[in-house]
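**Student:** Quick one: the structure is below, and I'll ask about it shortly.
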Amino acid sequence: MTDVTPISGLKLSEQLTSIWVHTPPRMENRLTRLCRLLTRQQINIAFLTSASLLDSRPVLCCINVNDQPAVADLMDRNEDLKPHIRYGGCVGVITFYPHRSDLKLLGLALQLLGQNGIKVHGLASSIAALSFVVDFHRIDDAARAFAANLQLPDNASPLRSEFRIHQERRSL
Amino acid sequence: MMETIAVYWEPRIRTYGVQLVEGLQLFQIAVSPVHMAQWGQALQSVAEDGPAFRLVWAQAGAPDTDRIKFFLLCDHGHGRKVHDYLEGQAERGVADKLQHPLSVDLLFLQGPHYGDRYGVLDFTLGPLAEAEVPLLAVTCSVATLYLITAAGWGARAKTLLSGVFEIPCGVEA
């Protein structure tokens, strides 16, 4: 790797919990139900991928680790979802941008993570960014690998969330 | 850590628009974690001449395998090259057998603080479930929601979502 690919930024999420939800072929019902329950508890979904109509893999849903007790209690009381929920470990989402819809950048990121033995639980692109779900205790290693091989702007460093945005229900 | 509290009260959630791209090709291929570095190198070599992707995501977690499944959404113009390339990787043992590509429609939407607010995905899925739109896949990453429907369903999904979200004047729905 002789050419260093420039990126504009690198962001590390706060600590998250991964939730795996096994869904039947009609995935809309279970995924929809999960989303409705999380909404009622005012729990944000930090990251989600689901392809249940295409594949047997479960829904991957990442929430803030502080929300896990509330979610676990919620799922325990839901007979439909309870047997199909599995909790993964603590994870984090590492994101860099822009991806320029470039498979080369995706490939480089995967190569770096693979070479460093960092497991990828999930990944997804968005408008300009590529995000990878990794074990939270390895997120700094992932950041170092990316920072060493991707060109960040001068004086830039991986950005961690300094503040959290809460959405509260308005009381009338 | 400083905490910022944002209060939203929206009878209809606002979005910057619902974008639709029809007739894309969806490729699916599984990779073992032990081959991830090799797979990453292989993706870099195909990227020398393009192709670009519209959306890419990957999932682990299948109950009976450690494979990570990659889903790659490309324009038809890039499809042939991507198909041939992925087949080549499967033949080399870097990836599992390539599944037959699917023709799909892609919708995506983003809005204020989508990555930090609860309820946006719930709000999105509701009307689609009610209308029984076949949603093949969903991803939520950063501040964007992506929905993949079976080919030919995207326009219907867009109409439904444009009817429930609030879209600023001057923005094409």
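Identifiers for the structure tokens are assigned positionally: chains receive A, B, ... in sequence, residues are indexed from 1 per chain, and ligands are indexed from 1 in the order shown.
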If we count only C-alpha atoms, what is near Ala145 of chain A at a cut-off of 9 Å, once residues fewer than 2 positions away on the same chain are taken out, given as a list in words?
**Tutor:**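 My reading of the contact set: Ala109, Leu112, Leu113, Asn116, Asp140, Asp141, Ala142, Ala143, Ala147, Ala148, Asn149 and Leu150 of chain A.
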**Student:** Just write the chosen residues, C-alpha atoms, as a PDB file, in the first residue's frame.
**Tutor:**
ATOM      1  CA  ALA A 109     -10.686  -0.971   5.481  1.00  0.00           C
ATOM      2  CA  LEU A 112      -6.745  -3.443   7.736  1.00  0.00           C
ATOM      3  CA  LEU A 113      -9.304  -4.893  10.098  1.00  0.00           C
ATOM      4  CA  ASN A 116      -5.254  -6.695  12.831  1.00  0.00           C
ATOM      5  CA  ASP A 140      -9.158   2.012  19.406  1.00  0.00           C
ATOM      6  CA  ASP A 141      -7.057  -0.573  17.568  1.00  0.00           C
ATOM      7  CA  ALA A 142      -9.297  -0.136  14.549  1.00  0.00           C
ATOM      8  CA  ALA A 143      -8.932   3.634  14.796  1.00  0.00           C
ATOM      9  CA  ALA A 147      -5.428   6.539  11.021  1.00  0.00           C
ATOM     10  CA  ALA A 148      -2.090   5.005  10.079  1.00  0.00           C
ATOM     11  CA  ASN A 149      -3.195   4.007   6.592  1.00  0.00           C
ATOM     12  CA  LEU A 150      -5.740   6.639   5.614  1.00  0.00           C
TER      13      LEU A 150
END
**Student:** Within 9 Å of Arg14 of chain B, counting only C-alpha atoms, which residues show up once you throw out same-chain ones fewer than 6 positions away? Write them as a list in words, please.
**Tutor:** Gln110, Gly111, Pro112, Phe165, Glu166, Ile167 and Pro168 of chain B
**Student:** Could you tell me how far atom CA of Ile19 of chain A sits from atom CA of Val120 of chain A, in Å to one decimal place?
**Tutor:** 14.8 Å
**Student:** Please report as a PyMOL selection string which residues of chain A come no farther than 6 Å from chain B, using only C-alpha atoms.
**Tutor:** chain A and resi 35-36+39+42-44+47-51+53+57+101-104+107-108+110-111+114-115+121-126+163-168
**Student:** As a list in words, list the residues of segment 105-161 of chain B assigned to strand (DSSP E) by DSSP on the backbone atoms of this structure.
**Tutor:**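 Put together, the selection reads Asp105, Leu106, Leu107, Phe108, Leu109, Gln110, Leu135, Leu136, Ala137, Val138, Thr139, Cys140, Ser141, Thr144, Leu145, Tyr146, Leu147, Ile148, Thr149 and Ala150 of chain B.
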**Student:** Hey, what does DSSP flag as helix (DSSP H, G or I) within chain A? Can you give it to me as a PDB file with N, CA and C atoms, in the first residue's frame?
**Tutor:**
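Output (selection12.pdb):
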ATOM      1  N   MET A  27     -40.226 -11.177   7.600  1.00  0.00           N
ATOM      2  CA  MET A  27     -39.444 -10.448   8.583  1.00  0.00           C
ATOM      3  C   MET A  27     -40.091  -9.156   9.039  1.00  0.00           C
ATOM      4  N   GLU A  28     -40.999  -8.605   8.203  1.00  0.00           N
ATOM      5  CA  GLU A  28     -41.555  -7.312   8.577  1.00  0.00           C
ATOM      6  C   GLU A  28     -42.182  -7.356   9.956  1.00  0.00           C
ATOM      7  N   ASN A  29     -42.912  -8.435  10.271  1.00  0.00           N
ATOM      8  CA  ASN A  29     -43.632  -8.467  11.531  1.00  0.00           C
ATOM      9  C   ASN A  29     -42.712  -8.354  12.718  1.00  0.00           C
ATOM     10  N   ARG A  30     -41.652  -9.150  12.744  1.00  0.00           N
ATOM     11  CA  ARG A  30     -40.799  -9.156  13.929  1.00  0.00           C
ATOM     12  C   ARG A  30     -39.943  -7.901  13.984  1.00  0.00           C
ATOM     13  N   LEU A  31     -39.426  -7.487  12.881  1.00  0.00           N
ATOM     14  CA  LEU A  31     -38.625  -6.262  12.875  1.00  0.00           C
ATOM     15  C   LEU A  31     -39.503  -5.068  13.232  1.00  0.00           C
ATOM     16  N   THR A  32     -40.689  -5.028  12.665  1.00  0.00           N
ATOM     17  CA  THR A  32     -41.625  -3.936  12.959  1.00  0.00           C
ATOM     18  C   THR A  32     -41.969  -3.932  14.438  1.00  0.00           C
ATOM     19  N   ARG A  33     -42.190  -5.129  14.987  1.00  0.00           N
ATOM     20  CA  ARG A  33     -42.534  -5.226  16.406  1.00  0.00           C
ATOM     21  C   ARG A  33     -41.368  -4.742  17.274  1.00  0.00           C
ATOM     22  N   LEU A  34     -40.175  -5.124  16.914  1.00  0.00           N
ATOM     23  CA  LEU A  34     -39.002  -4.686  17.668  1.00  0.00           C
ATOM     24  C   LEU A  34     -38.910  -3.168  17.664  1.00  0.00           C
ATOM     25  N   CYS A  35     -39.060  -2.588  16.496  1.00  0.00           N
ATOM     26  CA  CYS A  35     -38.950  -1.126  16.379  1.00  0.00           C
ATOM     27  C   CYS A  35     -40.037  -0.438  17.203  1.00  0.00           C
ATOM     28  N   ARG A  36     -41.226  -0.995  17.179  1.00  0.00           N
ATOM     29  CA  ARG A  36     -42.328  -0.368  17.934  1.00  0.00           C
ATOM     30  C   ARG A  36     -42.045  -0.392  19.436  1.00  0.00           C
ATOM     31  N   LEU A  37     -41.535  -1.520  19.908  1.00  0.00           N
ATOM     32  CA  LEU A  37     -41.223  -1.620  21.342  1.00  0.00           C
ATOM     33  C   LEU A  37     -40.115  -0.654  21.731  1.00  0.00           C
ATOM     34  N   LEU A  38     -39.097  -0.550  20.897  1.00  0.00           N
ATOM     35  CA  LEU A  38     -38.002   0.371  21.208  1.00  0.00           C
ATOM     36  C   LEU A  38     -38.489   1.819  21.195  1.00  0.00           C
ATOM     37  N   THR A  39     -39.387   2.118  20.279  1.00  0.00           N
ATOM     38  CA  THR A  39     -39.924   3.479  20.212  1.00  0.00           C
ATOM     39  C   THR A  39     -40.687   3.820  21.478  1.00  0.00           C
ATOM     40  N   ARG A  40     -41.498   2.886  21.941  1.00  0.00           N
ATOM     41  CA  ARG A  40     -42.304   3.150  23.134  1.00  0.00           C
ATOM     42  C   ARG A  40     -41.440   3.415  24.357  1.00  0.00           C
ATOM     43  N   VAL A  65     -25.292   1.061  25.332  1.00  0.00           N
ATOM     44  CA  VAL A  65     -25.147   0.030  26.362  1.00  0.00           C
ATOM     45  C   VAL A  65     -25.990   0.353  27.605  1.00  0.00           C
ATOM     46  N   ASN A  66     -26.213   1.629  27.865  1.00  0.00           N
ATOM     47  CA  ASN A  66     -27.015   2.000  29.037  1.00  0.00           C
ATOM     48  C   ASN A  66     -28.492   1.657  28.864  1.00  0.00           C
ATOM     49  N   ASP A  67     -28.897   1.423  27.636  1.00  0.00           N
ATOM     50  CA  ASP A  67     -30.297   1.071  27.384  1.00  0.00           C
ATOM     51  C   ASP A  67     -30.541  -0.430  27.466  1.00  0.00           C
ATOM     52  N   GLN A  68     -29.481  -1.216  27.591  1.00  0.00           N
ATOM     53  CA  GLN A  68     -29.681  -2.665  27.560  1.00  0.00           C
ATOM     54  C   GLN A  68     -30.593  -3.190  28.666  1.00  0.00           C
ATOM     55  N   PRO A  69     -30.452  -2.744  29.913  1.00  0.00           N
ATOM     56  CA  PRO A  69     -31.352  -3.282  30.955  1.00  0.00           C
ATOM     57  C   PRO A  69     -32.824  -3.049  30.624  1.00  0.00           C
ATOM     58  N   ALA A  70     -33.134  -1.874  30.138  1.00  0.00           N
ATOM     59  CA  ALA A  70     -34.526  -1.579  29.793  1.00  0.00           C
ATOM     60  C   ALA A  70     -34.992  -2.461  28.642  1.00  0.00           C
ATOM     61  N   VAL A  71     -34.128  -2.678  27.658  1.00  0.00           N
ATOM     62  CA  VAL A  71     -34.489  -3.511  26.507  1.00  0.00           C
ATOM     63  C   VAL A  71     -34.648  -4.961  26.939  1.00  0.00           C
ATOM     64  N   ALA A  72     -33.748  -5.430  27.790  1.00  0.00           N
ATOM     65  CA  ALA A  72     -33.834  -6.817  28.248  1.00  0.00           C
ATOM     66  C   ALA A  72     -35.142  -7.046  28.998  1.00  0.00           C
ATOM     67  N   ASP A  73     -35.514  -6.084  29.807  1.00  0.00           N
ATOM     68  CA  ASP A  73     -36.771  -6.205  30.549  1.00  0.00           C
ATOM     69  C   ASP A  73     -37.962  -6.217  29.595  1.00  0.00           C
ATOM     70  N   LEU A  74     -37.872  -5.371  28.593  1.00  0.00           N
ATOM     71  CA  LEU A  74     -38.930  -5.282  27.585  1.00  0.00           C
ATOM     72  C   LEU A  74     -39.080  -6.603  26.833  1.00  0.00           C
ATOM     73  N   MET A  75     -37.966  -7.180  26.426  1.00  0.00           N
ATOM     74  CA  MET A  75     -37.999  -8.417  25.649  1.00  0.00           C
ATOM     75  C   MET A  75     -38.456  -9.595  26.508  1.00  0.00           C
ATOM     76  N   ASP A  76     -38.086  -9.568  27.780  1.00  0.00           N
ATOM     77  CA  ASP A  76     -38.507 -10.650  28.669  1.00  0.00           C
ATOM     78  C   ASP A  76     -40.016 -10.711  28.799  1.00  0.00           C
ATOM     79  N   LYS A  82     -39.134 -12.728  22.751  1.00  0.00           N
ATOM     80  CA  LYS A  82     -38.205 -13.261  23.760  1.00  0.00           C
ATOM     81  C   LYS A  82     -37.413 -14.487  23.302  1.00  0.00           C
ATOM     82  N   PRO A  83     -38.056 -15.489  22.682  1.00  0.00           N
ATOM     83  CA  PRO A  83     -37.271 -16.683  22.304  1.00  0.00           C
ATOM     84  C   PRO A  83     -36.282 -16.431  21.160  1.00  0.00           C
ATOM     85  N   HIS A  84     -36.415 -15.279  20.514  1.00  0.00           N
ATOM     86  CA  HIS A  84     -35.629 -15.051  19.301  1.00  0.00           C
ATOM     87  C   HIS A  84     -34.570 -13.970  19.481  1.00  0.00           C
ATOM     88  N   LEU A 103     -15.151   0.894  -3.958  1.00  0.00           N
ATOM     89  CA  LEU A 103     -14.869  -0.433  -3.404  1.00  0.00           C
ATOM     90  C   LEU A 103     -13.429  -0.521  -2.892  1.00  0.00           C
ATOM     91  N   LYS A 104     -12.570   0.308  -3.429  1.00  0.00           N
ATOM     92  CA  LYS A 104     -11.166   0.260  -3.014  1.00  0.00           C
ATOM     93  C   LYS A 104     -11.041   0.657  -1.554  1.00  0.00           C
ATOM     94  N   LEU A 105     -11.774   1.685  -1.166  1.00  0.00           N
ATOM     95  CA  LEU A 105     -11.712   2.143   0.220  1.00  0.00           C
ATOM     96  C   LEU A 105     -12.329   1.107   1.152  1.00  0.00           C
ATOM     97  N   LEU A 106     -13.428   0.526   0.726  1.00  0.00           N
ATOM     98  CA  LEU A 106     -14.038  -0.544   1.513  1.00  0.00           C
ATOM     99  C   LEU A 106     -13.062  -1.698   1.668  1.00  0.00           C
ATOM    100  N   GLY A 107     -12.451  -2.078   0.542  1.00  0.00           N
ATOM    101  CA  GLY A 107     -11.507  -3.189   0.575  1.00  0.00           C
ATOM    102  C   GLY A 107     -10.326  -2.902   1.477  1.00  0.00           C
ATOM    103  N   LEU A 108      -9.824  -1.689   1.435  1.00  0.00           N
ATOM    104  CA  LEU A 108      -8.688  -1.322   2.279  1.00  0.00           C
ATOM    105  C   LEU A 108      -9.063  -1.416   3.753  1.00  0.00           C
ATOM    106  N   ALA A 109     -10.235  -0.918   4.085  1.00  0.00           N
ATOM    107  CA  ALA A 109     -10.686  -0.971   5.481  1.00  0.00           C
ATOM    108  C   ALA A 109     -10.796  -2.419   5.954  1.00  0.00           C
ATOM    109  N   LEU A 110     -11.371  -3.274   5.127  1.00  0.00           N
ATOM    110  CA  LEU A 110     -11.513  -4.682   5.506  1.00  0.00           C
ATOM    111  C   LEU A 110     -10.151  -5.360   5.626  1.00  0.00           C
ATOM    112  N   GLN A 111      -9.256  -4.996   4.729  1.00  0.00           N
ATOM    113  CA  GLN A 111      -7.908  -5.562   4.804  1.00  0.00           C
ATOM    114  C   GLN A 111      -7.247  -5.181   6.124  1.00  0.00           C
ATOM    115  N   LEU A 112      -7.373  -3.916   6.500  1.00  0.00           N
ATOM    116  CA  LEU A 112      -6.745  -3.443   7.736  1.00  0.00           C
ATOM    117  C   LEU A 112      -7.349  -4.132   8.954  1.00  0.00           C
ATOM    118  N   LEU A 113      -8.656  -4.237   8.960  1.00  0.00           N
ATOM    119  CA  LEU A 113      -9.304  -4.893  10.098  1.00  0.00           C
ATOM    120  C   LEU A 113      -8.914  -6.363  10.149  1.00  0.00           C
ATOM    121  N   GLY A 114      -8.913  -7.018   9.009  1.00  0.00           N
ATOM    122  CA  GLY A 114      -8.535  -8.429   8.962  1.00  0.00           C
ATOM    123  C   GLY A 114      -7.114  -8.655   9.408  1.00  0.00           C
ATOM    124  N   GLN A 115      -6.200  -7.819   8.939  1.00  0.00           N
ATOM    125  CA  GLN A 115      -4.783  -7.968   9.299  1.00  0.00           C
ATOM    126  C   GLN A 115      -4.543  -7.762  10.788  1.00  0.00           C
ATOM    127  N   PHE A 136     -16.068  -3.515  21.107  1.00  0.00           N
ATOM    128  CA  PHE A 136     -15.757  -2.193  21.645  1.00  0.00           C
ATOM    129  C   PHE A 136     -14.323  -2.123  22.170  1.00  0.00           C
ATOM    130  N   HIS A 137     -13.828  -3.232  22.729  1.00  0.00           N
ATOM    131  CA  HIS A 137     -12.471  -3.194  23.282  1.00  0.00           C
ATOM    132  C   HIS A 137     -11.406  -3.167  22.182  1.00  0.00           C
ATOM    133  N   ARG A 138     -11.831  -3.306  20.917  1.00  0.00           N
ATOM    134  CA  ARG A 138     -10.883  -3.214  19.806  1.00  0.00           C
ATOM    135  C   ARG A 138     -11.062  -1.949  18.972  1.00  0.00           C
ATOM    136  N   ILE A 139     -11.989  -1.069  19.391  1.00  0.00           N
ATOM    137  CA  ILE A 139     -12.295   0.078  18.531  1.00  0.00           C
ATOM    138  C   ILE A 139     -11.104   1.021  18.412  1.00  0.00           C
ATOM    139  N   ASP A 140     -10.336   1.145  19.491  1.00  0.00           N
ATOM    140  CA  ASP A 140      -9.158   2.012  19.406  1.00  0.00           C
ATOM    141  C   ASP A 140      -8.103   1.408  18.485  1.00  0.00           C
ATOM    142  N   ASP A 141      -7.980   0.090  18.491  1.00  0.00           N
ATOM    143  CA  ASP A 141      -7.057  -0.573  17.568  1.00  0.00           C
ATOM    144  C   ASP A 141      -7.482  -0.328  16.125  1.00  0.00           C
ATOM    145  N   ALA A 142      -8.789  -0.399  15.896  1.00  0.00           N
ATOM    146  CA  ALA A 142      -9.297  -0.136  14.549  1.00  0.00           C
ATOM    147  C   ALA A 142      -9.001   1.306  14.149  1.00  0.00           C
ATOM    148  N   ALA A 143      -9.198   2.217  15.089  1.00  0.00           N
ATOM    149  CA  ALA A 143      -8.932   3.634  14.796  1.00  0.00           C
ATOM    150  C   ALA A 143      -7.460   3.845  14.462  1.00  0.00           C
ATOM    151  N   ARG A 144      -6.584   3.204  15.199  1.00  0.00           N
ATOM    152  CA  ARG A 144      -5.147   3.355  14.930  1.00  0.00           C
ATOM    153  C   ARG A 144      -4.793   2.790  13.557  1.00  0.00           C
ATOM    154  N   ALA A 145      -5.375   1.652  13.217  1.00  0.00           N
ATOM    155  CA  ALA A 145      -5.103   1.043  11.914  1.00  0.00           C
ATOM    156  C   ALA A 145      -5.581   1.943  10.784  1.00  0.00           C
ATOM    157  N   PHE A 146      -6.762   2.516  10.933  1.00  0.00           N
ATOM    158  CA  PHE A 146      -7.277   3.414   9.904  1.00  0.00           C
ATOM    159  C   PHE A 146      -6.448   4.697   9.847  1.00  0.00           C
ATOM    160  N   ALA A 147      -6.152   5.268  11.000  1.00  0.00           N
ATOM    161  CA  ALA A 147      -5.428   6.539  11.021  1.00  0.00           C
ATOM    162  C   ALA A 147      -4.029   6.391  10.433  1.00  0.00           C
ATOM    163  N   ALA A 148      -3.439   5.225  10.589  1.00  0.00           N
ATOM    164  CA  ALA A 148      -2.090   5.005  10.079  1.00  0.00           C
ATOM    165  C   ALA A 148      -2.067   4.770   8.572  1.00  0.00           C
ATOM    166  N   ASN A 149      -3.178   4.384   8.004  1.00  0.00           N
ATOM    167  CA  ASN A 149      -3.195   4.007   6.592  1.00  0.00           C
ATOM    168  C   ASN A 149      -4.126   4.836   5.721  1.00  0.00           C
TER     169      ASN A 149
END
**Student:** Rounded to one decimal, what separation in Å do you get between atom CA of Phe132 of chain A and atom CA of Cys61 of chain A?
**Tutor:**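 Straight-line distance from atom CA of Phe132 of chain A to atom CA of Cys61 of chain A works out to 12.9 Å.
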